[in-house]
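As provided, protein_13.tsv (TSV, N, CA and C atoms) reads as follows.
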chain	number	residue	atom	x	y	z
Z	1	GLY	N	-34.39	-68.04	-116.02
Z	1	GLY	CA	-35.32	-66.94	-115.86
Z	1	GLY	C	-36.47	-67.05	-116.83
Z	2	TYR	N	-37.35	-66.09	-116.74
Z	2	TYR	CA	-38.54	-66.05	-117.57
Z	2	TYR	C	-38.73	-64.64	-118.08
Z	3	ALA	N	-38.97	-64.49	-119.36
Z	3	ALA	CA	-39.25	-63.18	-119.94
Z	3	ALA	C	-40.41	-63.32	-120.92
Z	4	THR	N	-41.14	-62.23	-121.08
Z	4	THR	CA	-42.28	-62.21	-121.99
Z	4	THR	C	-42.37	-60.84	-122.63
Z	5	ASP	N	-43.06	-60.76	-123.76
Z	5	ASP	CA	-43.23	-59.46	-124.41
Z	5	ASP	C	-44.57	-58.80	-124.05
Z	6	GLU	N	-45.21	-59.30	-122.99
Z	6	GLU	CA	-46.50	-58.74	-122.56
Z	6	GLU	C	-46.37	-57.33	-122.00
Z	7	THR	N	-45.21	-57.01	-121.41
Z	7	THR	CA	-45.01	-55.71	-120.77
Z	7	THR	C	-43.63	-55.18	-121.12
Z	8	PRO	N	-43.42	-53.86	-121.01
Z	8	PRO	CA	-42.09	-53.29	-121.25
Z	8	PRO	C	-41.02	-53.85	-120.29
Z	9	GLU	N	-41.46	-54.29	-119.13
Z	9	GLU	CA	-40.53	-54.85	-118.14
Z	9	GLU	C	-40.15	-56.30	-118.43
Z	10	ALA	N	-40.72	-56.89	-119.47
Z	10	ALA	CA	-40.49	-58.28	-119.86
Z	10	ALA	C	-40.98	-59.27	-118.80
Z	11	MET	N	-41.95	-58.83	-118.02
Z	11	MET	CA	-42.56	-59.67	-116.99
Z	11	MET	C	-44.02	-59.93	-117.38
Z	12	PRO	N	-44.62	-61.01	-116.87
Z	12	PRO	CA	-46.02	-61.29	-117.19
Z	12	PRO	C	-46.95	-60.15	-116.75
Z	13	LEU	N	-47.95	-59.87	-117.56
Z	13	LEU	CA	-48.91	-58.80	-117.25
Z	13	LEU	C	-49.61	-59.04	-115.92
Z	14	THR	N	-49.93	-60.30	-115.63
Z	14	THR	CA	-50.59	-60.60	-114.35
Z	14	THR	C	-49.73	-60.17	-113.17
Z	15	LEU	N	-48.44	-60.42	-113.25
Z	15	LEU	CA	-47.51	-60.03	-112.19
Z	15	LEU	C	-47.41	-58.52	-112.07
Z	16	MET	N	-47.26	-57.84	-113.20
Z	16	MET	CA	-47.11	-56.38	-113.18
Z	16	MET	C	-48.36	-55.71	-112.61
Z	17	LEU	N	-49.54	-56.17	-113.02
Z	17	LEU	CA	-50.77	-55.57	-112.49
Z	17	LEU	C	-50.92	-55.84	-110.99
Z	18	SER	N	-50.57	-57.04	-110.56
Z	18	SER	CA	-50.63	-57.36	-109.13
Z	18	SER	C	-49.69	-56.46	-108.34
Z	19	HIS	N	-48.47	-56.28	-108.83
Z	19	HIS	CA	-47.51	-55.41	-108.15
Z	19	HIS	C	-48.01	-53.97	-108.13
Z	20	GLN	N	-48.59	-53.51	-109.22
Z	20	GLN	CA	-49.11	-52.15	-109.29
Z	20	GLN	C	-50.28	-51.94	-108.33
Z	21	LEU	N	-51.14	-52.95	-108.17
Z	21	LEU	CA	-52.23	-52.85	-107.21
Z	21	LEU	C	-51.69	-52.68	-105.79
Z	22	ASN	N	-50.69	-53.50	-105.44
Z	22	ASN	CA	-50.09	-53.38	-104.11
Z	22	ASN	C	-49.40	-52.04	-103.92
Z	23	ALA	N	-48.68	-51.59	-104.94
Z	23	ALA	CA	-47.98	-50.31	-104.84
Z	23	ALA	C	-48.98	-49.17	-104.66
Z	24	ARG	N	-50.07	-49.19	-105.40
Z	24	ARG	CA	-51.10	-48.15	-105.29
Z	24	ARG	C	-51.74	-48.18	-103.91
Z	25	LEU	N	-52.06	-49.36	-103.43
Z	25	LEU	CA	-52.66	-49.52	-102.11
Z	25	LEU	C	-51.77	-48.90	-101.04
Z	26	HIS	N	-50.49	-49.19	-101.11
Z	26	HIS	CA	-49.57	-48.69	-100.08
Z	26	HIS	C	-49.25	-47.21	-100.27
Z	27	GLN	N	-49.27	-46.71	-101.49
Z	27	GLN	CA	-49.12	-45.28	-101.73
Z	27	GLN	C	-50.27	-44.52	-101.06
Z	28	LEU	N	-51.50	-45.02	-101.25
Z	28	LEU	CA	-52.67	-44.35	-100.67
Z	28	LEU	C	-52.71	-44.49	-99.15
Z	29	ARG	N	-52.13	-45.57	-98.63
Z	29	ARG	CA	-52.03	-45.73	-97.18
Z	29	ARG	C	-51.06	-44.68	-96.63
Z	30	ARG	N	-49.92	-44.55	-97.28
Z	30	ARG	CA	-48.89	-43.63	-96.78
Z	30	ARG	C	-49.30	-42.16	-96.91
Z	31	ASN	N	-50.06	-41.81	-97.97
Z	31	ASN	CA	-50.44	-40.40	-98.12
Z	31	ASN	C	-51.73	-40.05	-97.39
Z	32	GLY	N	-52.35	-41.05	-96.74
Z	32	GLY	CA	-53.53	-40.78	-95.92
Z	32	GLY	C	-54.86	-40.86	-96.63
Z	33	THR	N	-54.86	-41.07	-97.94
Z	33	THR	CA	-56.12	-41.19	-98.67
Z	33	THR	C	-56.94	-42.37	-98.15
Z	34	LEU	N	-56.27	-43.51	-97.99
Z	34	LEU	CA	-56.91	-44.69	-97.41
Z	34	LEU	C	-56.27	-44.92	-96.03
Z	35	TRP	N	-56.61	-44.03	-95.10
Z	35	TRP	CA	-56.03	-44.01	-93.75
Z	35	TRP	C	-56.22	-45.31	-92.99
Z	36	TRP	N	-57.22	-46.06	-93.36
Z	36	TRP	CA	-57.61	-47.27	-92.65
Z	36	TRP	C	-56.84	-48.51	-93.10
Z	37	VAL	N	-56.08	-48.40	-94.21
Z	37	VAL	CA	-55.31	-49.54	-94.71
Z	37	VAL	C	-54.11	-49.78	-93.79
Z	38	ARG	N	-53.84	-51.05	-93.52
Z	38	ARG	CA	-52.67	-51.45	-92.73
Z	38	ARG	C	-51.68	-52.14	-93.67
Z	39	PRO	N	-50.44	-52.40	-93.23
Z	39	PRO	CA	-49.37	-52.82	-94.14
Z	39	PRO	C	-49.53	-54.18	-94.82
Z	40	ASP	N	-50.27	-55.10	-94.27
Z	40	ASP	CA	-50.33	-56.46	-94.83
Z	40	ASP	C	-51.38	-56.52	-95.93
Z	41	SER	N	-50.97	-56.91	-97.14
Z	41	SER	CA	-51.93	-57.03	-98.24
Z	41	SER	C	-51.47	-58.10	-99.22
Z	42	LYS	N	-52.43	-58.57	-99.99
Z	42	LYS	CA	-52.18	-59.57	-101.03
Z	42	LYS	C	-53.02	-59.21	-102.25
Z	43	THR	N	-52.46	-59.42	-103.43
Z	43	THR	CA	-53.20	-59.16	-104.66
Z	43	THR	C	-52.94	-60.29	-105.66
Z	44	GLN	N	-53.90	-60.48	-106.53
Z	44	GLN	CA	-53.75	-61.46	-107.61
Z	44	GLN	C	-54.61	-61.01	-108.77
Z	45	VAL	N	-54.08	-61.16	-109.97
Z	45	VAL	CA	-54.83	-60.83	-111.19
Z	45	VAL	C	-54.76	-62.05	-112.11
Z	46	THR	N	-55.92	-62.47	-112.59
Z	46	THR	CA	-56.00	-63.58	-113.54
Z	46	THR	C	-56.49	-63.02	-114.87
Z	47	ILE	N	-55.81	-63.38	-115.94
Z	47	ILE	CA	-56.13	-62.85	-117.27
Z	47	ILE	C	-56.48	-64.00	-118.21
Z	48	GLU	N	-57.46	-63.76	-119.07
Z	48	GLU	CA	-57.79	-64.71	-120.13
Z	48	GLU	C	-56.99	-64.32	-121.37
Z	49	TYR	N	-56.40	-65.31	-122.01
Z	49	TYR	CA	-55.55	-65.09	-123.19
Z	49	TYR	C	-56.11	-65.82	-124.39
Z	50	LYS	N	-55.68	-65.38	-125.58
Z	50	LYS	CA	-55.89	-66.16	-126.79
Z	50	LYS	C	-54.52	-66.37	-127.42
Z	51	THR	N	-54.39	-67.42	-128.18
Z	51	THR	CA	-53.13	-67.73	-128.84
Z	51	THR	C	-53.23	-67.34	-130.31
Z	52	VAL	N	-52.29	-66.52	-130.75
Z	52	VAL	CA	-52.23	-66.09	-132.15
Z	52	VAL	C	-50.82	-66.39	-132.65
Z	53	GLN	N	-50.72	-67.35	-133.55
Z	53	GLN	CA	-49.44	-67.76	-134.13
Z	53	GLN	C	-48.38	-68.01	-133.04
Z	54	GLY	N	-48.79	-68.69	-131.99
Z	54	GLY	CA	-47.88	-69.05	-130.92
Z	54	GLY	C	-47.70	-68.01	-129.84
Z	55	ALA	N	-48.24	-66.81	-130.03
Z	55	ALA	CA	-48.11	-65.74	-129.03
Z	55	ALA	C	-49.39	-65.66	-128.20
Z	56	LEU	N	-49.22	-65.47	-126.91
Z	56	LEU	CA	-50.36	-65.29	-126.03
Z	56	LEU	C	-50.74	-63.81	-126.00
Z	57	ILE	N	-51.99	-63.52	-126.33
Z	57	ILE	CA	-52.51	-62.16	-126.37
Z	57	ILE	C	-53.55	-62.00	-125.25
Z	58	PRO	N	-53.34	-61.03	-124.34
Z	58	PRO	CA	-54.34	-60.82	-123.27
Z	58	PRO	C	-55.69	-60.38	-123.85
Z	59	LEU	N	-56.74	-61.07	-123.46
Z	59	LEU	CA	-58.09	-60.69	-123.89
Z	59	LEU	C	-58.75	-59.78	-122.86
Z	60	ASN	N	-58.79	-60.25	-121.63
Z	60	ASN	CA	-59.40	-59.46	-120.56
Z	60	ASN	C	-58.99	-60.00	-119.20
Z	61	VAL	N	-59.22	-59.16	-118.21
Z	61	VAL	CA	-58.97	-59.58	-116.83
Z	61	VAL	C	-60.17	-60.42	-116.40
Z	62	HIS	N	-59.91	-61.63	-116.00
Z	62	HIS	CA	-60.95	-62.53	-115.54
Z	62	HIS	C	-61.29	-62.27	-114.07
Z	63	THR	N	-60.25	-62.17	-113.22
Z	63	THR	CA	-60.47	-62.03	-111.78
Z	63	THR	C	-59.41	-61.12	-111.17
Z	64	VAL	N	-59.85	-60.28	-110.23
Z	64	VAL	CA	-58.95	-59.45	-109.44
Z	64	VAL	C	-59.22	-59.77	-107.97
Z	65	VAL	N	-58.14	-60.07	-107.23
Z	65	VAL	CA	-58.25	-60.31	-105.80
Z	65	VAL	C	-57.39	-59.28	-105.08
Z	66	VAL	N	-58.00	-58.58	-104.12
Z	66	VAL	CA	-57.27	-57.66	-103.25
Z	66	VAL	C	-57.72	-57.95	-101.83
Z	67	SER	N	-56.76	-58.28	-100.98
Z	67	SER	CA	-57.04	-58.45	-99.55
Z	67	SER	C	-56.08	-57.55	-98.81
Z	68	THR	N	-56.61	-56.74	-97.92
Z	68	THR	CA	-55.75	-55.85	-97.15
Z	68	THR	C	-56.15	-55.83	-95.69
Z	69	GLN	N	-55.13	-55.80	-94.87
Z	69	GLN	CA	-55.36	-55.59	-93.45
Z	69	GLN	C	-55.91	-54.17	-93.30
Z	70	HIS	N	-56.78	-53.96	-92.30
Z	70	HIS	CA	-57.41	-52.65	-92.18
Z	70	HIS	C	-57.78	-52.33	-90.74
Z	71	SER	N	-58.07	-51.07	-90.52
Z	71	SER	CA	-58.55	-50.60	-89.23
Z	71	SER	C	-59.95	-51.17	-88.98
Z	72	PRO	N	-60.29	-51.43	-87.72
Z	72	PRO	CA	-61.66	-51.87	-87.44
Z	72	PRO	C	-62.68	-50.74	-87.61
Z	73	ASP	N	-62.20	-49.53	-87.90
Z	73	ASP	CA	-63.09	-48.36	-88.00
Z	73	ASP	C	-63.71	-48.17	-89.38
Z	74	ILE	N	-63.54	-49.13	-90.29
Z	74	ILE	CA	-64.19	-49.05	-91.60
Z	74	ILE	C	-65.04	-50.29	-91.80
Z	75	THR	N	-66.21	-50.10	-92.40
Z	75	THR	CA	-67.07	-51.25	-92.68
Z	75	THR	C	-66.54	-51.99	-93.91
Z	76	LEU	N	-66.87	-53.25	-94.01
Z	76	LEU	CA	-66.44	-54.06	-95.14
Z	76	LEU	C	-67.02	-53.51	-96.45
Z	77	ASP	N	-68.26	-53.05	-96.43
Z	77	ASP	CA	-68.87	-52.47	-97.63
Z	77	ASP	C	-68.10	-51.24	-98.10
Z	78	ASN	N	-67.77	-50.34	-97.17
Z	78	ASN	CA	-67.04	-49.14	-97.54
Z	78	ASN	C	-65.62	-49.48	-98.00
Z	79	LEU	N	-64.98	-50.42	-97.34
Z	79	LEU	CA	-63.64	-50.86	-97.75
Z	79	LEU	C	-63.68	-51.34	-99.20
Z	80	ARG	N	-64.64	-52.17	-99.53
Z	80	ARG	CA	-64.73	-52.70	-100.90
Z	80	ARG	C	-64.96	-51.60	-101.93
Z	81	LYS	N	-65.81	-50.64	-101.61
Z	81	LYS	CA	-66.06	-49.52	-102.52
Z	81	LYS	C	-64.81	-48.67	-102.71
Z	82	GLU	N	-64.11	-48.39	-101.62
Z	82	GLU	CA	-62.90	-47.56	-101.68
Z	82	GLU	C	-61.78	-48.25	-102.47
Z	83	ILE	N	-61.59	-49.54	-102.25
Z	83	ILE	CA	-60.57	-50.29	-102.99
Z	83	ILE	C	-60.90	-50.30	-104.48
Z	84	GLN	N	-62.14	-50.53	-104.81
Z	84	GLN	CA	-62.56	-50.54	-106.21
Z	84	GLN	C	-62.28	-49.19	-106.87
Z	85	GLU	N	-62.68	-48.13	-106.20
Z	85	GLU	CA	-62.59	-46.78	-106.77
Z	85	GLU	C	-61.15	-46.26	-106.81
Z	86	HIS	N	-60.41	-46.40	-105.72
Z	86	HIS	CA	-59.11	-45.75	-105.59
Z	86	HIS	C	-57.92	-46.63	-105.96
Z	87	VAL	N	-58.11	-47.94	-105.97
Z	87	VAL	CA	-56.99	-48.84	-106.24
Z	87	VAL	C	-57.17	-49.57	-107.57
Z	88	ILE	N	-58.28	-50.29	-107.72
Z	88	ILE	CA	-58.46	-51.13	-108.92
Z	88	ILE	C	-58.68	-50.29	-110.18
Z	89	LYS	N	-59.61	-49.35	-110.14
Z	89	LYS	CA	-59.92	-48.57	-111.35
Z	89	LYS	C	-58.71	-47.81	-111.89
Z	90	PRO	N	-57.89	-47.18	-111.05
Z	90	PRO	CA	-56.73	-46.47	-111.59
Z	90	PRO	C	-55.62	-47.39	-112.12
Z	91	VAL	N	-55.59	-48.64	-111.69
Z	91	VAL	CA	-54.49	-49.53	-112.07
Z	91	VAL	C	-54.83	-50.43	-113.25
Z	92	ILE	N	-55.97	-51.07	-113.22
Z	92	ILE	CA	-56.33	-52.02	-114.27
Z	92	ILE	C	-56.89	-51.25	-115.47
Z	93	PRO	N	-56.28	-51.36	-116.64
Z	93	PRO	CA	-56.80	-50.64	-117.81
Z	93	PRO	C	-58.25	-51.05	-118.10
Z	94	SER	N	-59.08	-50.06	-118.33
Z	94	SER	CA	-60.50	-50.33	-118.58
Z	94	SER	C	-60.69	-51.22	-119.81
Z	95	SER	N	-59.74	-51.15	-120.74
Z	95	SER	CA	-59.84	-51.99	-121.95
Z	95	SER	C	-59.71	-53.47	-121.62
Z	96	LEU	N	-59.15	-53.80	-120.46
Z	96	LEU	CA	-59.01	-55.20	-120.06
Z	96	LEU	C	-60.15	-55.68	-119.15
Z	97	LEU	N	-60.99	-54.76	-118.73
Z	97	LEU	CA	-62.12	-55.14	-117.87
Z	97	LEU	C	-63.34	-55.43	-118.72
Z	98	SER	N	-64.16	-56.33	-118.24
Z	98	SER	CA	-65.40	-56.65	-118.94
Z	98	SER	C	-66.53	-56.73	-117.91
Z	99	PRO	N	-67.76	-56.77	-118.35
Z	99	PRO	CA	-68.87	-56.93	-117.40
Z	99	PRO	C	-68.77	-58.25	-116.62
Z	100	ASN	N	-67.98	-59.19	-117.15
Z	100	ASN	CA	-67.84	-60.49	-116.50
Z	100	ASN	C	-66.64	-60.57	-115.56
Z	101	THR	N	-65.85	-59.50	-115.46
Z	101	THR	CA	-64.69	-59.52	-114.57
Z	101	THR	C	-65.18	-59.73	-113.13
Z	102	ILE	N	-64.52	-60.62	-112.44
Z	102	ILE	CA	-64.87	-60.96	-111.06
Z	102	ILE	C	-63.93	-60.20	-110.12
Z	103	PHE	N	-64.48	-59.57	-109.10
Z	103	PHE	CA	-63.70	-58.84	-108.11
Z	103	PHE	C	-63.91	-59.49	-106.75
Z	104	HIS	N	-62.80	-59.91	-106.13
Z	104	HIS	CA	-62.83	-60.42	-104.77
Z	104	HIS	C	-62.03	-59.43	-103.93
Z	105	ILE	N	-62.72	-58.62	-103.17
Z	105	ILE	CA	-62.07	-57.62	-102.32
Z	105	ILE	C	-62.32	-58.01	-100.88
Z	106	ASN	N	-61.24	-58.34	-100.16
Z	106	ASN	CA	-61.33	-58.92	-98.83
Z	106	ASN	C	-62.41	-60.00	-98.78
Z	107	PRO	N	-62.25	-61.03	-99.62
Z	107	PRO	CA	-63.28	-62.06	-99.73
Z	107	PRO	C	-63.51	-62.85	-98.45
Z	108	CYS	N	-62.52	-62.88	-97.56
Z	108	CYS	CA	-62.69	-63.62	-96.30
Z	108	CYS	C	-63.27	-62.74	-95.19
Z	109	GLY	N	-63.62	-61.50	-95.55
Z	109	GLY	CA	-64.23	-60.61	-94.57
Z	109	GLY	C	-63.21	-59.71	-93.90
Z	110	SER	N	-63.45	-59.43	-92.64
Z	110	SER	CA	-62.61	-58.53	-91.88
Z	110	SER	C	-61.19	-59.08	-91.72
Z	111	PHE	N	-60.19	-58.19	-91.84
Z	111	PHE	CA	-58.79	-58.57	-91.76
Z	111	PHE	C	-58.08	-57.49	-90.93
Z	112	THR	N	-58.41	-57.47	-89.65
Z	112	THR	CA	-57.86	-56.43	-88.78
Z	112	THR	C	-56.58	-56.86	-88.06
Z	113	MET	N	-56.34	-58.15	-87.95
Z	113	MET	CA	-55.12	-58.67	-87.32
Z	113	MET	C	-54.23	-59.26	-88.41
Z	114	GLY	N	-53.00	-58.76	-88.52
Z	114	GLY	CA	-52.08	-59.21	-89.57
Z	114	GLY	C	-51.35	-60.47	-89.22
Could you show the structure in this file as structure tokens?
Amino acid sequence: GYATDETPEAMPLTLMLSHQLNARLHQLRRNGTLWWVRPDSKTQVTIEYKTVQGALIPLNVHTVVVSTQHSPDITLDNLRKEIQEHVIKPVIPSSLLSPNTIFHINPCGSFTMG
């Protein structure tokens, strides 16, 4: 197995943030806030680290990827704004975001067929 002291769960921070993004996305789908979200989604978080006396310390989130299946009734621009506002901002700590953080939200475009 693998354990780390990055999170209380002893799992890598990148994994925990990715899981939290998916959980938030599906919570908002189920409660109707993001009515247009469909069940198929993928997330990835990349973090930049520094090494201090052999320990890896998270510096900032380098890249966030969120792809979700969606209704054809939402535009890609609106989808990206809604995901940023309702999913990414509440999950990723602002202390880990920088002006250089890259966001890929449905980077391949429309994803209406799962």
- [ ] Output as an NGL selection string all residues of chain Z that backbone DSSP marks as strand (DSSP E or B).
- [x] :Z and (37-52 or 55-70 or 102-105)
Task: 8 Å contact set for Ile47 of chain Z, all atoms listed in the file, chain neighbours under 3 positions out, as a ChimeraX atom specification - done: /Z:13-14,44,50,57-64
Kindly provide, as AutoDock Vina command-line options, the centre and edge lengths (Å, one decimal) of an axis-aligned box around all atoms of segment 32-46 of chain Z given in the file, with 8 Å on each side.
--center_x -53.5 --center_y -52.2 --center_z -103.8 --size_x 24.2 --size_y 38.8 --size_z 38.2
TODO: One decimal, Å: what's the distance from atom CA of His104 of chain Z over to atom CA of Val66 of chain Z, could you say?
DONE: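 Separation between atom CA of His104 of chain Z and atom CA of Val66 of chain Z: 6.4 Å.
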Open item on the list: Considering only N, CA and C atoms, can you say which of Z:Asp5, Z:Ser67, Z:Leu28, Z:Asp40 comes closest to Cys108 of chain Z?
Closed with: Z:Ser67
Task: Shell around Thr33 of chain Z at 12 Å using only C-alpha atoms, local window under 4 positions removed, as a PyMOL selection string - done: chain Z and resi 24-29+37+82-83+85-87
Atoms to include: N, CA and C atoms. Write the selected residues as an mmCIF file, in the coordinates of the input.
data_model
loop_
_atom_site.group_PDB
_atom_site.id
_atom_site.type_symbol
_atom_site.label_atom_id
_atom_site.label_comp_id
_atom_site.auth_asym_id
_atom_site.auth_seq_id
_atom_site.Cartn_x
_atom_site.Cartn_y
_atom_site.Cartn_z
ATOM 1 N N ARG Z 24 -50.070 -49.190 -105.400
ATOM 2 C CA ARG Z 24 -51.100 -48.150 -105.290
ATOM 3 C C ARG Z 24 -51.740 -48.180 -103.910
ATOM 4 N N LEU Z 25 -52.060 -49.360 -103.430
ATOM 5 C CA LEU Z 25 -52.660 -49.520 -102.110
ATOM 6 C C LEU Z 25 -51.770 -48.900 -101.040
ATOM 7 N N HIS Z 26 -50.490 -49.190 -101.110
ATOM 8 C CA HIS Z 26 -49.570 -48.690 -100.080
ATOM 9 C C HIS Z 26 -49.250 -47.210 -100.270
ATOM 10 N N GLN Z 27 -49.270 -46.710 -101.490
ATOM 11 C CA GLN Z 27 -49.120 -45.280 -101.730
ATOM 12 C C GLN Z 27 -50.270 -44.520 -101.060
ATOM 13 N N LEU Z 28 -51.500 -45.020 -101.250
ATOM 14 C CA LEU Z 28 -52.670 -44.350 -100.670
ATOM 15 C C LEU Z 28 -52.710 -44.490 -99.150
ATOM 16 N N ARG Z 29 -52.130 -45.570 -98.630
ATOM 17 C CA ARG Z 29 -52.030 -45.730 -97.180
ATOM 18 C C ARG Z 29 -51.060 -44.680 -96.630
ATOM 19 N N VAL Z 37 -56.080 -48.400 -94.210
ATOM 20 C CA VAL Z 37 -55.310 -49.540 -94.710
ATOM 21 C C VAL Z 37 -54.110 -49.780 -93.790
ATOM 22 N N GLU Z 82 -64.110 -48.390 -101.620
ATOM 23 C CA GLU Z 82 -62.900 -47.560 -101.680
ATOM 24 C C GLU Z 82 -61.780 -48.250 -102.470
ATOM 25 N N ILE Z 83 -61.590 -49.540 -102.250
ATOM 26 C CA ILE Z 83 -60.570 -50.290 -102.990
ATOM 27 C C ILE Z 83 -60.900 -50.300 -104.480
ATOM 28 N N GLU Z 85 -62.680 -48.130 -106.200
ATOM 29 C CA GLU Z 85 -62.590 -46.780 -106.770
ATOM 30 C C GLU Z 85 -61.150 -46.260 -106.810
ATOM 31 N N HIS Z 86 -60.410 -46.400 -105.720
ATOM 32 C CA HIS Z 86 -59.110 -45.750 -105.590
ATOM 33 C C HIS Z 86 -57.920 -46.630 -105.960
ATOM 34 N N VAL Z 87 -58.110 -47.940 -105.970
ATOM 35 C CA VAL Z 87 -56.990 -48.840 -106.240
ATOM 36 C C VAL Z 87 -57.170 -49.570 -107.570
#
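Take atom C of Pro99 of chain Z and atom N of Thr43 of chain Z: the distance between them is 21.0 Å.
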Open item on the list: Considering only N, CA and C atoms, can you say which of Z:Val65, Z:Leu79, Z:His19, Z:Ser71 comes closest to Phe103 of chain Z?
Closed with: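 Smallest distance to Phe103 of chain Z is found for Z:Val65.
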Task: Non-local contacts of Phe111 of chain Z (6 Å; only N, CA and C atoms; under 6 positions in same chain excluded) as a PyMOL selection string - done: chain Z and resi 68-70
Could you get me a file of segment 52-109 of chain Z with C-alpha atoms, as a PDB file, in the first residue's frame, taken from the block above?
ATOM      1  CA  VAL Z  52      12.042  19.997   2.662  1.00  0.00           C
ATOM      2  CA  GLN Z  53      14.288  17.574   4.543  1.00  0.00           C
ATOM      3  CA  GLY Z  54      12.943  14.672   2.502  1.00  0.00           C
ATOM      4  CA  ALA Z  55       9.263  15.638   2.882  1.00  0.00           C
ATOM      5  CA  LEU Z  56       7.169  16.769  -0.055  1.00  0.00           C
ATOM      6  CA  ILE Z  57       5.314  20.003   0.728  1.00  0.00           C
ATOM      7  CA  PRO Z  58       2.459  21.111  -1.585  1.00  0.00           C
ATOM      8  CA  LEU Z  59       3.173  24.556  -3.034  1.00  0.00           C
ATOM      9  CA  ASN Z  60       0.186  25.102  -5.291  1.00  0.00           C
ATOM     10  CA  VAL Z  61      -2.252  23.479  -7.636  1.00  0.00           C
ATOM     11  CA  HIS Z  62      -0.730  23.519 -11.093  1.00  0.00           C
ATOM     12  CA  THR Z  63      -3.662  22.101 -13.102  1.00  0.00           C
ATOM     13  CA  VAL Z  64      -7.287  21.125 -12.516  1.00  0.00           C
ATOM     14  CA  VAL Z  65      -9.150  18.986 -15.057  1.00  0.00           C
ATOM     15  CA  VAL Z  66     -12.912  18.430 -14.848  1.00  0.00           C
ATOM     16  CA  SER Z  67     -14.819  16.709 -17.634  1.00  0.00           C
ATOM     17  CA  THR Z  68     -18.472  15.913 -17.196  1.00  0.00           C
ATOM     18  CA  GLN Z  69     -21.177  14.499 -19.342  1.00  0.00           C
ATOM     19  CA  HIS Z  70     -23.970  17.048 -19.685  1.00  0.00           C
ATOM     20  CA  SER Z  71     -27.330  17.912 -21.165  1.00  0.00           C
ATOM     21  CA  PRO Z  72     -27.260  19.450 -24.644  1.00  0.00           C
ATOM     22  CA  ASP Z  73     -29.318  22.305 -23.136  1.00  0.00           C
ATOM     23  CA  ILE Z  74     -26.292  24.122 -21.652  1.00  0.00           C
ATOM     24  CA  THR Z  75     -23.639  26.007 -23.588  1.00  0.00           C
ATOM     25  CA  LEU Z  76     -19.996  25.105 -23.105  1.00  0.00           C
ATOM     26  CA  ASP Z  77     -19.244  28.627 -21.843  1.00  0.00           C
ATOM     27  CA  ASN Z  78     -21.964  28.426 -19.185  1.00  0.00           C
ATOM     28  CA  LEU Z  79     -20.913  24.895 -18.212  1.00  0.00           C
ATOM     29  CA  ARG Z  80     -17.338  26.072 -17.637  1.00  0.00           C
ATOM     30  CA  LYS Z  81     -18.465  29.058 -15.539  1.00  0.00           C
ATOM     31  CA  GLU Z  82     -20.805  26.906 -13.426  1.00  0.00           C
ATOM     32  CA  ILE Z  83     -18.171  24.212 -12.803  1.00  0.00           C
ATOM     33  CA  GLN Z  84     -15.618  26.849 -11.804  1.00  0.00           C
ATOM     34  CA  GLU Z  85     -18.021  28.612  -9.438  1.00  0.00           C
ATOM     35  CA  HIS Z  86     -19.943  25.704  -7.886  1.00  0.00           C
ATOM     36  CA  VAL Z  87     -17.453  22.830  -8.004  1.00  0.00           C
ATOM     37  CA  ILE Z  88     -13.823  23.992  -8.182  1.00  0.00           C
ATOM     38  CA  LYS Z  89     -13.935  27.085  -5.941  1.00  0.00           C
ATOM     39  CA  PRO Z  90     -15.660  25.325  -3.015  1.00  0.00           C
ATOM     40  CA  VAL Z  91     -13.325  22.305  -3.172  1.00  0.00           C
ATOM     41  CA  ILE Z  92      -9.817  23.548  -3.967  1.00  0.00           C
ATOM     42  CA  PRO Z  93      -8.431  25.659  -1.100  1.00  0.00           C
ATOM     43  CA  SER Z  94      -7.745  29.187  -2.323  1.00  0.00           C
ATOM     44  CA  SER Z  95      -4.356  29.024  -0.605  1.00  0.00           C
ATOM     45  CA  LEU Z  96      -3.326  26.374  -3.156  1.00  0.00           C
ATOM     46  CA  LEU Z  97      -4.509  28.331  -6.197  1.00  0.00           C
ATOM     47  CA  SER Z  98      -2.320  30.846  -7.977  1.00  0.00           C
ATOM     48  CA  PRO Z  99      -2.776  33.173 -10.950  1.00  0.00           C
ATOM     49  CA  ASN Z 100      -0.867  30.534 -12.916  1.00  0.00           C
ATOM     50  CA  THR Z 101      -3.200  27.633 -12.070  1.00  0.00           C
ATOM     51  CA  ILE Z 102      -4.461  26.052 -15.286  1.00  0.00           C
ATOM     52  CA  PHE Z 103      -8.111  24.978 -15.534  1.00  0.00           C
ATOM     53  CA  HIS Z 104      -9.269  22.505 -18.171  1.00  0.00           C
ATOM     54  CA  ILE Z 105     -13.048  22.227 -17.932  1.00  0.00           C
ATOM     55  CA  ASN Z 106     -14.502  19.930 -20.582  1.00  0.00           C
ATOM     56  CA  PRO Z 107     -11.373  20.574 -22.656  1.00  0.00           C
ATOM     57  CA  CYS Z 108     -12.578  18.311 -25.482  1.00  0.00           C
ATOM     58  CA  GLY Z 109     -15.786  20.310 -25.833  1.00  0.00           C
TER      59      GLY Z 109
END
